[in-house]
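Engineer: Okay, handing you the structure first.
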Amino acid sequence: MNTFGHRYTGLIEKYRDRLPVSESTSIISLGEGNTPLIKLSNLPKVLKKDVDIYVKYEGLNPTGSFKDRGMTMAVTKAVEAGSKAIICASTGNTSAAAAAYAARAGITAFVLIPDGKIAMGKLAQAMMYGAITIQIKGNFDDGMRLVKEVADHAPVTIVNSINPYRLQGQKTAAFEIVEELGRAPDYHCLPVGNAGNITAHWMGYCEMSAPDVTKVTESCALCEGHCKYACNIIGNRPKMIGYQAAGSAPFIRGAMVDNPETVATAIRIGHPQSWDRAWKVMSESGGWFDECSDETILQAQKLLAQSEGIFCEPASAASLAGAIRDIQSGKIAEGSTIVLTLTGNGLKDPDTAIGQCQGDAKMVTVGADLESVRAAILHNMS
Ligand SMILES: *Cc1c(COP(=O)(O)O)cnc(C)c1O
């Protein structure tokens with residue numbers, strides 16, 4: 001069948017029967033979602049383990065992170081409710097997404113970011129999209145507390161993941177994975193900060209495995225129109241695995257952390273907003289939390305880039321760093337299908353990337369003459 005003329009117009013349109021929107025809702029979209037699920041081909045060989053590893057490359061969303069999935073819903077619903085301004089605290093990616101969707105909707109975005117501890121690309125986005133950017137002399141957790149307080153005293157809608165529409169939008173990543181694999185993976189690994197995303201993915205998998213939550217629609221990509229969305233599509237659900245950076249690991253400590261520190265700034269969060277829900281995800285799915293050092297996170301980021309050609313930001317690489325360790329130890333069983341969410345694009349944080357590669361001898365400076373360049377090539381042929 002010829003599918004010319006069918007434009008992908010974002011995840012709300014695609015999954016509207018599974019999201020809290022009505023026929024009259026006007027959708028604020030930038031074509032988010034529909035990100036590639038890439039099967040790793042070189043890394044499993046290096047690990048010498050029989051596993052299928054897929055990465056869901058969320059860095060290819062319109063503003064470069066999965067936050068766009070939640071933001072299209074949050075801003076759509078804010079506009080529907082008549083809101084003229086949104087506000088969020090952010091380690092960077094939420095502010096980039098909020099700023100872009102607010103611009104698209106023609107409303108104002110206020111973003112609170114930690115002074116100094118934000119990746120350069122993310123700051124550039126908030127500024128360029130025209131958000132009112134408030135740098136606070138504190139961390140994300142301070143910003144989050146202030147946002148909750150100020151929203152009681154000003155006409156602004158909070159678009160952090162405590163906004164329930166955010167998780168509704170984010171659950172669609174699980175739908176896409178099931179559509180492509182034809183089943184749920186055995187394990188799904190994510191980096192965890194506020195734990196909204198791991199919670200949203202679990203919601204998505206649960207909705208696909210529960211026969212009672214759905215409405216019948218015209219088209220079900222999975223069942224080719226036979227059983228529709230009310231079909232109890234998947235028989236299995238994954239074990240959910242959440243990895244945190246060691247210096248910012250409240251779920252591993254079992255308590256809030258007051259001064260979180262990590263190179264993975266997107267998960268530099270000591271007081272997760274979805275604390276109870278994430279523990280529930282662990283007990284329901286049979287998964288676990290674990291931590292990764294900054295060093296292994298950066299190694300994994302580079303390994304993925306250089307062995308597979310996929311550039312994610314440091315926080316995203318926590319899912320790979322942890323998965324590699326758990327595959328090697330056998331905690332993640334051989335024969336499994338594993339999905340890793342790569343939450344954000346590597347271009348968000350060029351400083352960390354350049355800093356990490358500067359010493360590794362792949363960059364040479366030579367004279368601007370043929371002989372020097374030829375020598376540099378011959379010297380580096382492998
Ligand atoms: C927001 C974010 C996370 C953490 O997601 P939570 O829902 O807060 O757990 C991880 N990685 C990146 C790149 C992010 O932007």
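Scheme for the structure tokens: letters A, B, ... for chains in order shown; per-chain residue numbers from 1; ligand numbers from 1 in order shown.
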Report as CSV: every residue of chain A with an atom at most 8 Å from ligand 1, its closest pair of atoms, and their distance in Å to one decimal, counting only C-alpha atoms and all ligand atoms, with rows sorted by chain and ascending residue number.
Structural biologist:
residue,atom,partner,partner_atom_place_in_ligand_line,distance
A:Gly59,CA,ligand 1,13 (C),7.9
A:Ser65,CA,ligand 1,15 (O),5.9
A:Phe66,CA,ligand 1,15 (O),6.8
A:Lys67,CA,ligand 1,15 (O),6.4
A:Thr91,CA,ligand 1,15 (O),7.4
A:Gly92,CA,ligand 1,15 (O),7.0
A:Asn93,CA,ligand 1,15 (O),4.7
A:Thr94,CA,ligand 1,15 (O),6.6
A:Ser161,CA,ligand 1,7 (O),7.1
A:Leu190,CA,ligand 1,10 (C),7.6
A:Pro191,CA,ligand 1,10 (C),5.2
A:Val192,CA,ligand 1,9 (O),3.8
A:Gly193,CA,ligand 1,9 (O),3.6
A:Asn194,CA,ligand 1,8 (O),3.5
A:Ala195,CA,ligand 1,9 (O),3.3
A:Gly196,CA,ligand 1,7 (O),3.6
A:Asn197,CA,ligand 1,7 (O),3.7
A:Ile198,CA,ligand 1,9 (O),6.3
A:Thr199,CA,ligand 1,7 (O),7.8
A:Ala266,CA,ligand 1,14 (C),4.8
A:Ile267,CA,ligand 1,4 (C),5.4
A:Ile269,CA,ligand 1,8 (O),7.9
A:Pro272,CA,ligand 1,8 (O),7.4
A:Glu313,CA,ligand 1,13 (C),6.3
A:Pro314,CA,ligand 1,13 (C),7.6
A:Ala315,CA,ligand 1,11 (N),4.9
A:Ser316,CA,ligand 1,11 (N),5.1
A:Leu342,CA,ligand 1,13 (C),7.4
A:Thr343,CA,ligand 1,13 (C),4.4
A:Gly344,CA,ligand 1,13 (C),4.0
A:Asn345,CA,ligand 1,13 (C),7.3
Engineer: I'd like the neighbourhood of A:Asp52 as a compact mmCIF listing (two decimals) with all heavy atoms, in the first residue's frame, where a residue qualifies if any of its atoms comes within 12 Å (using only C-alpha atoms), though same-chain residues fewer than 2 positions away should be ignored.
Structural biologist:
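The file below, around.txt, is the result:
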# COMPACT_ATOMS: atom_id res chain seq x y z
N ILE A 38 17.67 1.50 17.90
CA ILE A 38 18.85 1.01 17.16
C ILE A 38 19.43 -0.22 17.85
O ILE A 38 19.68 -0.19 19.06
CB ILE A 38 19.94 2.12 17.08
CG1 ILE A 38 19.34 3.42 16.50
CG2 ILE A 38 21.12 1.64 16.24
CD1 ILE A 38 20.25 4.63 16.66
N LYS A 39 19.61 -1.27 17.07
CA LYS A 39 20.21 -2.49 17.64
C LYS A 39 21.73 -2.34 17.63
O LYS A 39 22.32 -2.06 16.60
CB LYS A 39 19.79 -3.70 16.82
CG LYS A 39 20.22 -5.01 17.46
CD LYS A 39 19.62 -6.20 16.76
CE LYS A 39 20.02 -7.46 17.51
NZ LYS A 39 19.50 -8.67 16.85
N LEU A 40 22.34 -2.53 18.78
CA LEU A 40 23.80 -2.41 18.84
C LEU A 40 24.42 -3.63 18.17
O LEU A 40 24.00 -4.76 18.40
CB LEU A 40 24.28 -2.30 20.29
CG LEU A 40 23.76 -1.09 21.07
CD1 LEU A 40 24.47 -0.98 22.41
CD2 LEU A 40 23.92 0.22 20.28
N SER A 41 25.42 -3.40 17.31
CA SER A 41 25.99 -4.54 16.62
C SER A 41 27.41 -4.85 17.07
O SER A 41 27.84 -5.99 17.02
CB SER A 41 25.94 -4.32 15.11
OG SER A 41 26.62 -3.14 14.78
N ASN A 42 28.15 -3.87 17.53
CA ASN A 42 29.55 -4.12 17.91
C ASN A 42 29.74 -4.37 19.40
O ASN A 42 30.55 -5.21 19.79
CB ASN A 42 30.41 -2.93 17.46
CG ASN A 42 30.35 -2.76 15.95
OD1 ASN A 42 30.37 -3.73 15.21
ND2 ASN A 42 30.24 -1.52 15.49
N LEU A 43 29.00 -3.67 20.22
CA LEU A 43 29.20 -3.80 21.67
C LEU A 43 28.94 -5.21 22.21
O LEU A 43 29.73 -5.71 23.00
CB LEU A 43 28.31 -2.79 22.40
CG LEU A 43 29.07 -1.61 22.98
CD1 LEU A 43 28.12 -0.58 23.55
CD2 LEU A 43 30.02 -2.09 24.06
N PRO A 44 27.85 -5.88 21.78
CA PRO A 44 27.62 -7.23 22.31
C PRO A 44 28.79 -8.17 22.01
O PRO A 44 29.12 -9.03 22.82
CB PRO A 44 26.35 -7.68 21.59
CG PRO A 44 25.64 -6.42 21.26
CD PRO A 44 26.74 -5.43 20.94
N LYS A 45 29.45 -7.96 20.87
CA LYS A 45 30.62 -8.80 20.54
C LYS A 45 31.76 -8.54 21.51
O LYS A 45 32.43 -9.45 21.96
CB LYS A 45 31.09 -8.51 19.11
CG LYS A 45 30.17 -9.06 18.04
CD LYS A 45 30.73 -8.75 16.65
CE LYS A 45 29.60 -8.56 15.64
NZ LYS A 45 29.91 -7.56 14.61
N LEU A 47 31.45 -7.54 24.52
CA LEU A 47 31.07 -8.09 25.83
C LEU A 47 31.13 -9.61 25.84
O LEU A 47 31.10 -10.24 26.89
CB LEU A 47 29.64 -7.63 26.20
CG LEU A 47 29.42 -6.14 26.41
CD1 LEU A 47 27.95 -5.85 26.68
CD2 LEU A 47 30.27 -5.64 27.57
N LYS A 48 31.17 -10.22 24.66
CA LYS A 48 31.18 -11.68 24.52
C LYS A 48 29.99 -12.32 25.25
O LYS A 48 30.12 -13.35 25.91
CB LYS A 48 32.49 -12.27 25.05
CG LYS A 48 33.72 -11.82 24.25
CD LYS A 48 34.91 -12.74 24.55
CE LYS A 48 36.11 -12.42 23.70
NZ LYS A 48 36.68 -11.06 23.98
N LYS A 49 28.84 -11.68 25.12
CA LYS A 49 27.64 -12.23 25.74
C LYS A 49 26.55 -12.30 24.68
O LYS A 49 26.46 -11.43 23.81
CB LYS A 49 27.15 -11.33 26.88
CG LYS A 49 28.08 -11.28 28.07
CD LYS A 49 27.91 -12.49 28.96
CE LYS A 49 28.77 -12.36 30.21
NZ LYS A 49 28.66 -13.53 31.08
N ASP A 50 25.73 -13.31 24.79
CA ASP A 50 24.64 -13.49 23.85
C ASP A 50 23.42 -12.70 24.33
O ASP A 50 22.56 -13.22 25.03
CB ASP A 50 24.32 -14.99 23.73
CG ASP A 50 23.05 -15.24 22.93
OD1 ASP A 50 22.72 -14.40 22.08
OD2 ASP A 50 22.38 -16.26 23.20
N TYR A 54 19.21 -3.01 22.42
CA TYR A 54 18.68 -1.93 21.58
C TYR A 54 18.78 -0.63 22.36
O TYR A 54 18.55 -0.61 23.56
CB TYR A 54 17.20 -2.16 21.26
CG TYR A 54 16.92 -3.38 20.42
CD1 TYR A 54 16.78 -4.62 21.02
CD2 TYR A 54 16.77 -3.28 19.04
CE1 TYR A 54 16.52 -5.76 20.26
CE2 TYR A 54 16.49 -4.40 18.27
CZ TYR A 54 16.38 -5.63 18.88
OH TYR A 54 16.11 -6.75 18.13
N VAL A 55 19.09 0.45 21.65
CA VAL A 55 19.02 1.75 22.31
C VAL A 55 17.90 2.58 21.68
O VAL A 55 17.73 2.61 20.46
CB VAL A 55 20.36 2.53 22.24
CG1 VAL A 55 21.45 1.79 23.01
CG2 VAL A 55 20.81 2.80 20.81
N LEU A 181 9.48 -3.98 18.40
CA LEU A 181 9.97 -5.31 18.76
C LEU A 181 8.90 -6.38 18.58
O LEU A 181 9.21 -7.56 18.50
CB LEU A 181 10.47 -5.34 20.21
CG LEU A 181 11.70 -4.49 20.55
CD1 LEU A 181 12.03 -4.64 22.04
CD2 LEU A 181 12.90 -4.89 19.70
N PRO A 185 10.62 -5.73 25.85
CA PRO A 185 11.94 -6.32 26.14
C PRO A 185 11.90 -7.08 27.47
O PRO A 185 10.92 -6.97 28.22
CB PRO A 185 12.85 -5.09 26.24
CG PRO A 185 11.94 -3.97 26.60
CD PRO A 185 10.61 -4.27 25.97
N ASP A 186 12.97 -7.83 27.76
CA ASP A 186 13.06 -8.51 29.06
C ASP A 186 13.53 -7.53 30.14
O ASP A 186 13.13 -7.65 31.30
CB ASP A 186 14.05 -9.68 28.96
CG ASP A 186 13.60 -10.69 27.92
OD1 ASP A 186 12.44 -11.15 28.02
OD2 ASP A 186 14.37 -10.98 26.98
N TYR A 187 14.39 -6.61 29.73
CA TYR A 187 14.90 -5.60 30.66
C TYR A 187 14.83 -4.24 29.98
O TYR A 187 15.11 -4.13 28.79
CB TYR A 187 16.37 -5.85 31.03
CG TYR A 187 16.61 -7.17 31.70
CD1 TYR A 187 16.87 -8.32 30.94
CD2 TYR A 187 16.60 -7.29 33.09
CE1 TYR A 187 17.11 -9.54 31.56
CE2 TYR A 187 16.83 -8.50 33.72
CZ TYR A 187 17.08 -9.63 32.94
OH TYR A 187 17.32 -10.84 33.55
N HIS A 188 14.48 -3.22 30.75
CA HIS A 188 14.52 -1.85 30.23
C HIS A 188 15.34 -1.00 31.21
O HIS A 188 14.95 -0.85 32.37
CB HIS A 188 13.11 -1.29 30.05
CG HIS A 188 13.12 0.01 29.30
ND1 HIS A 188 12.26 0.28 28.26
CD2 HIS A 188 13.92 1.11 29.41
CE1 HIS A 188 12.54 1.50 27.78
NE2 HIS A 188 13.53 2.01 28.47
N ALA A 323 24.23 -1.22 32.48
CA ALA A 323 23.84 -2.44 31.76
C ALA A 323 25.07 -3.29 31.45
O ALA A 323 25.03 -4.51 31.60
CB ALA A 323 23.09 -2.08 30.48
N ILE A 327 25.28 -7.03 32.67
CA ILE A 327 25.36 -8.11 31.68
C ILE A 327 26.60 -8.95 31.97
O ILE A 327 26.56 -10.18 31.99
CB ILE A 327 25.41 -7.53 30.24
CG1 ILE A 327 24.07 -6.92 29.85
CG2 ILE A 327 25.80 -8.63 29.23
CD1 ILE A 327 24.11 -6.05 28.58
N ILE A 332 21.89 -9.48 34.49
CA ILE A 332 21.02 -9.46 33.32
C ILE A 332 21.35 -10.74 32.54
O ILE A 332 22.48 -10.93 32.11
CB ILE A 332 21.27 -8.21 32.44
CG1 ILE A 332 20.80 -6.95 33.19
CG2 ILE A 332 20.55 -8.34 31.09
CD1 ILE A 332 21.01 -5.64 32.43
N ALA A 333 20.36 -11.60 32.41
CA ALA A 333 20.61 -12.95 31.92
C ALA A 333 20.97 -13.00 30.44
O ALA A 333 20.49 -12.19 29.64
CB ALA A 333 19.37 -13.81 32.18
N GLU A 334 21.83 -13.95 30.07
CA GLU A 334 22.13 -14.18 28.65
C GLU A 334 20.86 -14.62 27.94
O GLU A 334 19.96 -15.21 28.54
CB GLU A 334 23.23 -15.23 28.50
CG GLU A 334 24.61 -14.62 28.68
CD GLU A 334 25.72 -15.36 27.94
OE1 GLU A 334 25.75 -15.31 26.69
OE2 GLU A 334 26.53 -16.00 28.63
N GLY A 335 20.81 -14.32 26.66
CA GLY A 335 19.63 -14.67 25.89
C GLY A 335 18.54 -13.60 25.97
O GLY A 335 17.49 -13.74 25.36
N SER A 336 18.80 -12.52 26.71
CA SER A 336 17.76 -11.50 26.92
C SER A 336 17.74 -10.45 25.82
O SER A 336 18.73 -10.22 25.14
CB SER A 336 17.99 -10.72 28.22
OG SER A 336 18.23 -11.56 29.28
N THR A 337 16.58 -9.82 25.73
CA THR A 337 16.43 -8.62 24.92
C THR A 337 16.39 -7.43 25.88
O THR A 337 15.58 -7.39 26.80
CB THR A 337 15.14 -8.69 24.10
OG1 THR A 337 15.24 -9.79 23.19
CG2 THR A 337 14.91 -7.40 23.31
N ILE A 338 17.29 -6.49 25.63
CA ILE A 338 17.46 -5.36 26.55
C ILE A 338 17.26 -4.05 25.79
O ILE A 338 17.80 -3.89 24.70
CB ILE A 338 18.89 -5.37 27.15
CG1 ILE A 338 19.20 -6.73 27.76
CG2 ILE A 338 19.08 -4.26 28.17
CD1 ILE A 338 20.67 -7.07 27.76
N VAL A 339 16.49 -3.14 26.36
CA VAL A 339 16.39 -1.80 25.77
C VAL A 339 17.00 -0.80 26.74
O VAL A 339 16.73 -0.84 27.95
CB VAL A 339 14.93 -1.42 25.46
CG1 VAL A 339 14.83 0.06 25.08
CG2 VAL A 339 14.36 -2.29 24.35
N LEU A 340 17.85 0.06 26.21
CA LEU A 340 18.42 1.16 26.99
C LEU A 340 17.86 2.46 26.46
O LEU A 340 17.89 2.70 25.25
CB LEU A 340 19.94 1.22 26.84
CG LEU A 340 20.75 -0.07 26.87
CD1 LEU A 340 22.23 0.27 26.67
CD2 LEU A 340 20.56 -0.79 28.18
Engineer: Tell me which of A:Met128, A:Asn380, A:Thr172, A:Ile324 sits closest to A:Lys14, counting only C-alpha atoms.
Structural biologist: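 Residue with the minimum atom-to-atom distance to A:Lys14: A:Thr172.
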Engineer: For A:Asn34, which of A:Gly242, A:Pro62, A:Gly235, A:Gly130 is the closest residue, counting only C-alpha atoms?
Structural biologist: A:Pro62
Engineer: A:Asn236, A:Asn139, A:Thr35, A:Thr72: which is nearest A:Leu60, counting only C-alpha atoms?
Structural biologist: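 Nearest candidate to A:Leu60 out of A:Asn236, A:Asn139, A:Thr35, A:Thr72: A:Thr35.
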Engineer: Name the closest residue to A:Met73 among the candidates A:Gly309, A:Gly138, A:Gly169, A:Gly286; distances are taken between atoms, counting only C-alpha atoms.
Structural biologist: A:Gly169
Engineer: Which of stretch 268-366 of chain A counts as strand (DSSP E) under DSSP, as a ChimeraX atom specification please?
Structural biologist: /A:288-292,337-342
Engineer: Please, could you write that set of residues out with all heavy atoms as a PDB file, in the first residue's frame?
Structural biologist:
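Printed below is part20.pdb as written:
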ATOM      1  N   TRP A 288      15.479  -3.335  39.555  1.00  0.00           N
ATOM      2  CA  TRP A 288      16.327  -2.841  40.632  1.00  0.00           C
ATOM      3  C   TRP A 288      16.933  -1.475  40.287  1.00  0.00           C
ATOM      4  O   TRP A 288      16.940  -1.062  39.133  1.00  0.00           O
ATOM      5  CB  TRP A 288      17.450  -3.833  40.930  1.00  0.00           C
ATOM      6  CG  TRP A 288      18.372  -4.127  39.783  1.00  0.00           C
ATOM      7  CD1 TRP A 288      19.470  -3.414  39.391  1.00  0.00           C
ATOM      8  CD2 TRP A 288      18.289  -5.229  38.866  1.00  0.00           C
ATOM      9  NE1 TRP A 288      20.072  -4.004  38.301  1.00  0.00           N
ATOM     10  CE2 TRP A 288      19.363  -5.123  37.952  1.00  0.00           C
ATOM     11  CE3 TRP A 288      17.398  -6.312  38.722  1.00  0.00           C
ATOM     12  CZ2 TRP A 288      19.573  -6.037  36.917  1.00  0.00           C
ATOM     13  CZ3 TRP A 288      17.617  -7.224  37.685  1.00  0.00           C
ATOM     14  CH2 TRP A 288      18.696  -7.090  36.801  1.00  0.00           C
ATOM     15  N   PHE A 289      17.419  -0.814  41.347  1.00  0.00           N
ATOM     16  CA  PHE A 289      18.219   0.407  41.184  1.00  0.00           C
ATOM     17  C   PHE A 289      19.675   0.058  41.421  1.00  0.00           C
ATOM     18  O   PHE A 289      19.978  -0.813  42.234  1.00  0.00           O
ATOM     19  CB  PHE A 289      17.838   1.462  42.242  1.00  0.00           C
ATOM     20  CG  PHE A 289      16.488   2.074  42.057  1.00  0.00           C
ATOM     21  CD1 PHE A 289      15.482   1.851  42.994  1.00  0.00           C
ATOM     22  CD2 PHE A 289      16.225   2.898  40.976  1.00  0.00           C
ATOM     23  CE1 PHE A 289      14.231   2.436  42.840  1.00  0.00           C
ATOM     24  CE2 PHE A 289      14.979   3.493  40.824  1.00  0.00           C
ATOM     25  CZ  PHE A 289      13.983   3.252  41.753  1.00  0.00           C
ATOM     26  N   ASP A 290      20.557   0.760  40.733  1.00  0.00           N
ATOM     27  CA  ASP A 290      21.970   0.628  41.060  1.00  0.00           C
ATOM     28  C   ASP A 290      22.663   1.942  40.696  1.00  0.00           C
ATOM     29  O   ASP A 290      22.045   2.828  40.113  1.00  0.00           O
ATOM     30  CB  ASP A 290      22.607  -0.557  40.337  1.00  0.00           C
ATOM     31  CG  ASP A 290      23.758  -1.155  41.151  1.00  0.00           C
ATOM     32  OD1 ASP A 290      24.333  -0.437  41.995  1.00  0.00           O
ATOM     33  OD2 ASP A 290      24.087  -2.335  40.926  1.00  0.00           O
ATOM     34  N   GLU A 291      23.930   2.026  41.048  1.00  0.00           N
ATOM     35  CA  GLU A 291      24.644   3.282  40.803  1.00  0.00           C
ATOM     36  C   GLU A 291      25.855   3.055  39.900  1.00  0.00           C
ATOM     37  O   GLU A 291      26.354   1.934  39.796  1.00  0.00           O
ATOM     38  CB  GLU A 291      25.108   3.878  42.137  1.00  0.00           C
ATOM     39  CG  GLU A 291      26.096   3.001  42.877  1.00  0.00           C
ATOM     40  CD  GLU A 291      26.362   3.512  44.284  1.00  0.00           C
ATOM     41  OE1 GLU A 291      26.814   4.659  44.420  1.00  0.00           O
ATOM     42  OE2 GLU A 291      26.135   2.744  45.244  1.00  0.00           O
ATOM     43  N   CYS A 292      26.303   4.112  39.245  1.00  0.00           N
ATOM     44  CA  CYS A 292      27.490   4.057  38.387  1.00  0.00           C
ATOM     45  C   CYS A 292      28.380   5.242  38.753  1.00  0.00           C
ATOM     46  O   CYS A 292      27.878   6.338  38.994  1.00  0.00           O
ATOM     47  CB  CYS A 292      27.102   4.216  36.919  1.00  0.00           C
ATOM     48  SG  CYS A 292      25.883   3.024  36.347  1.00  0.00           S
ATOM     49  N   THR A 337      16.584  -9.820  25.731  1.00  0.00           N
ATOM     50  CA  THR A 337      16.434  -8.620  24.917  1.00  0.00           C
ATOM     51  C   THR A 337      16.390  -7.426  25.875  1.00  0.00           C
ATOM     52  O   THR A 337      15.580  -7.393  26.799  1.00  0.00           O
ATOM     53  CB  THR A 337      15.136  -8.686  24.095  1.00  0.00           C
ATOM     54  OG1 THR A 337      15.238  -9.788  23.194  1.00  0.00           O
ATOM     55  CG2 THR A 337      14.906  -7.402  23.307  1.00  0.00           C
ATOM     56  N   ILE A 338      17.288  -6.489  25.630  1.00  0.00           N
ATOM     57  CA  ILE A 338      17.459  -5.359  26.553  1.00  0.00           C
ATOM     58  C   ILE A 338      17.263  -4.050  25.789  1.00  0.00           C
ATOM     59  O   ILE A 338      17.801  -3.891  24.698  1.00  0.00           O
ATOM     60  CB  ILE A 338      18.891  -5.366  27.146  1.00  0.00           C
ATOM     61  CG1 ILE A 338      19.202  -6.732  27.763  1.00  0.00           C
ATOM     62  CG2 ILE A 338      19.081  -4.258  28.167  1.00  0.00           C
ATOM     63  CD1 ILE A 338      20.671  -7.074  27.756  1.00  0.00           C
ATOM     64  N   VAL A 339      16.493  -3.142  26.361  1.00  0.00           N
ATOM     65  CA  VAL A 339      16.388  -1.804  25.772  1.00  0.00           C
ATOM     66  C   VAL A 339      16.998  -0.798  26.739  1.00  0.00           C
ATOM     67  O   VAL A 339      16.735  -0.837  27.945  1.00  0.00           O
ATOM     68  CB  VAL A 339      14.925  -1.416  25.464  1.00  0.00           C
ATOM     69  CG1 VAL A 339      14.827   0.064  25.078  1.00  0.00           C
ATOM     70  CG2 VAL A 339      14.359  -2.286  24.346  1.00  0.00           C
ATOM     71  N   LEU A 340      17.847   0.060  26.212  1.00  0.00           N
ATOM     72  CA  LEU A 340      18.419   1.156  26.994  1.00  0.00           C
ATOM     73  C   LEU A 340      17.857   2.458  26.461  1.00  0.00           C
ATOM     74  O   LEU A 340      17.890   2.695  25.251  1.00  0.00           O
ATOM     75  CB  LEU A 340      19.938   1.220  26.835  1.00  0.00           C
ATOM     76  CG  LEU A 340      20.753  -0.067  26.871  1.00  0.00           C
ATOM     77  CD1 LEU A 340      22.230   0.269  26.668  1.00  0.00           C
ATOM     78  CD2 LEU A 340      20.557  -0.786  28.182  1.00  0.00           C
ATOM     79  N   THR A 341      17.352   3.305  27.331  1.00  0.00           N
ATOM     80  CA  THR A 341      16.917   4.620  26.872  1.00  0.00           C
ATOM     81  C   THR A 341      18.098   5.578  26.895  1.00  0.00           C
ATOM     82  O   THR A 341      18.727   5.771  27.939  1.00  0.00           O
ATOM     83  CB  THR A 341      15.790   5.174  27.772  1.00  0.00           C
ATOM     84  OG1 THR A 341      14.666   4.291  27.680  1.00  0.00           O
ATOM     85  CG2 THR A 341      15.364   6.564  27.314  1.00  0.00           C
ATOM     86  N   LEU A 342      18.392   6.141  25.727  1.00  0.00           N
ATOM     87  CA  LEU A 342      19.398   7.205  25.658  1.00  0.00           C
ATOM     88  C   LEU A 342      18.630   8.511  25.693  1.00  0.00           C
ATOM     89  O   LEU A 342      18.116   8.992  24.681  1.00  0.00           O
ATOM     90  CB  LEU A 342      20.236   7.080  24.382  1.00  0.00           C
ATOM     91  CG  LEU A 342      21.017   5.766  24.252  1.00  0.00           C
ATOM     92  CD1 LEU A 342      21.805   5.749  22.957  1.00  0.00           C
ATOM     93  CD2 LEU A 342      21.933   5.536  25.445  1.00  0.00           C
TER      94      LEU A 342
END
Engineer: Quick one: of A:Ala353, A:Val366, A:Ala200, A:Ala100, who's nearest to A:Ala131, counting only C-alpha atoms?
Structural biologist: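 Comparing A:Ala353, A:Val366, A:Ala200, A:Ala100 against A:Ala131, the winner is A:Ala100.
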Engineer: Can you tell me, as a ChimeraX atom specification, what residues are no more than 12 Å from A:Tyr129 when counting only C-alpha atoms, ignoring any on the same chain fewer than 4 positions away?
Structural biologist: /A:63,95-111,122-125,133
Engineer: Just want the 12 Å neighbourhood of A:Glu295, counted on only C-alpha atoms, with same-chain residues fewer than 4 positions away dropped. Output as a list in words.
Structural biologist: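 My list of contacting residues is Ala245, Ala246, Gly247, Thr262, Val263, Ala264, Glu291, Gln299, Ala300, Gln301, Lys302, Pro314, Ala315, Ala317, Ala318, Ala321, Gly322 and Gln356 of chain A.
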Engineer: I need the chosen residues saved as a compact mmCIF listing (two decimals), in the first residue's frame, with N, CA, C and O atoms.
Structural biologist:
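New file again_4.txt:
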# COMPACT_ATOMS: atom_id res chain seq x y z
N ALA A 245 23.80 8.17 39.19
CA ALA A 245 25.22 8.50 39.34
C ALA A 245 25.57 8.37 40.82
O ALA A 245 24.78 8.76 41.68
N ALA A 246 26.74 7.83 41.09
CA ALA A 246 27.10 7.49 42.48
C ALA A 246 27.01 8.70 43.43
O ALA A 246 26.59 8.56 44.58
N GLY A 247 27.35 9.89 42.94
CA GLY A 247 27.31 11.06 43.81
C GLY A 247 25.93 11.69 43.92
O GLY A 247 25.75 12.75 44.51
N THR A 262 27.54 15.17 40.25
CA THR A 262 27.93 14.25 39.19
C THR A 262 28.17 15.03 37.90
O THR A 262 27.58 16.09 37.69
N VAL A 263 29.03 14.47 37.06
CA VAL A 263 29.27 15.04 35.74
C VAL A 263 28.01 14.93 34.88
O VAL A 263 27.81 15.70 33.93
N ALA A 264 27.16 13.97 35.23
CA ALA A 264 25.92 13.76 34.48
C ALA A 264 24.86 14.72 35.01
O ALA A 264 23.96 14.35 35.77
N GLU A 291 23.93 2.03 41.05
CA GLU A 291 24.64 3.28 40.80
C GLU A 291 25.85 3.06 39.90
O GLU A 291 26.35 1.93 39.80
N GLN A 299 33.13 6.67 30.39
CA GLN A 299 33.68 5.59 29.55
C GLN A 299 32.60 5.02 28.64
O GLN A 299 32.83 4.76 27.45
N ALA A 300 31.43 4.82 29.20
CA ALA A 300 30.34 4.23 28.42
C ALA A 300 29.89 5.19 27.32
O ALA A 300 29.59 4.77 26.19
N GLN A 301 29.87 6.47 27.64
CA GLN A 301 29.49 7.47 26.63
C GLN A 301 30.43 7.41 25.43
O GLN A 301 30.01 7.39 24.28
N LYS A 302 31.72 7.34 25.72
CA LYS A 302 32.72 7.31 24.66
C LYS A 302 32.69 5.99 23.90
O LYS A 302 32.80 5.95 22.67
N PRO A 314 26.09 12.61 28.88
CA PRO A 314 26.59 11.77 29.97
C PRO A 314 25.48 11.06 30.77
O PRO A 314 25.58 9.85 31.01
N ALA A 315 24.43 11.78 31.16
CA ALA A 315 23.38 11.13 31.96
C ALA A 315 22.83 9.90 31.24
O ALA A 315 22.59 8.86 31.86
N ALA A 317 24.29 7.93 29.27
CA ALA A 317 25.26 6.83 29.25
C ALA A 317 25.24 6.03 30.54
O ALA A 317 25.77 4.92 30.58
N ALA A 318 24.60 6.55 31.58
CA ALA A 318 24.48 5.78 32.82
C ALA A 318 23.73 4.48 32.55
O ALA A 318 24.03 3.44 33.14
N ALA A 321 26.37 2.21 31.04
CA ALA A 321 27.41 1.84 32.01
C ALA A 321 26.88 0.76 32.96
O ALA A 321 27.54 -0.25 33.21
N GLY A 322 25.67 0.97 33.46
CA GLY A 322 25.09 0.00 34.38
C GLY A 322 24.76 -1.31 33.69
O GLY A 322 25.01 -2.39 34.21
N GLN A 356 36.76 15.27 27.61
CA GLN A 356 37.03 13.85 27.74
C GLN A 356 37.93 13.31 26.63
O GLN A 356 38.62 12.32 26.82
Engineer: Would you mind telling me which residue in A:Ala184, A:Ile158, A:Leu19, A:Leu370 lies nearest to A:Gln170 when using only C-alpha atoms?
Structural biologist: A:Leu19
Engineer: Could you please determine the separation between atom CA of A:Pro20 and atom CA of A:Ala173 in Å, to one decimal place?
Structural biologist: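 Result for atom CA of A:Pro20 versus atom CA of A:Ala173: 16.2 Å, one decimal.
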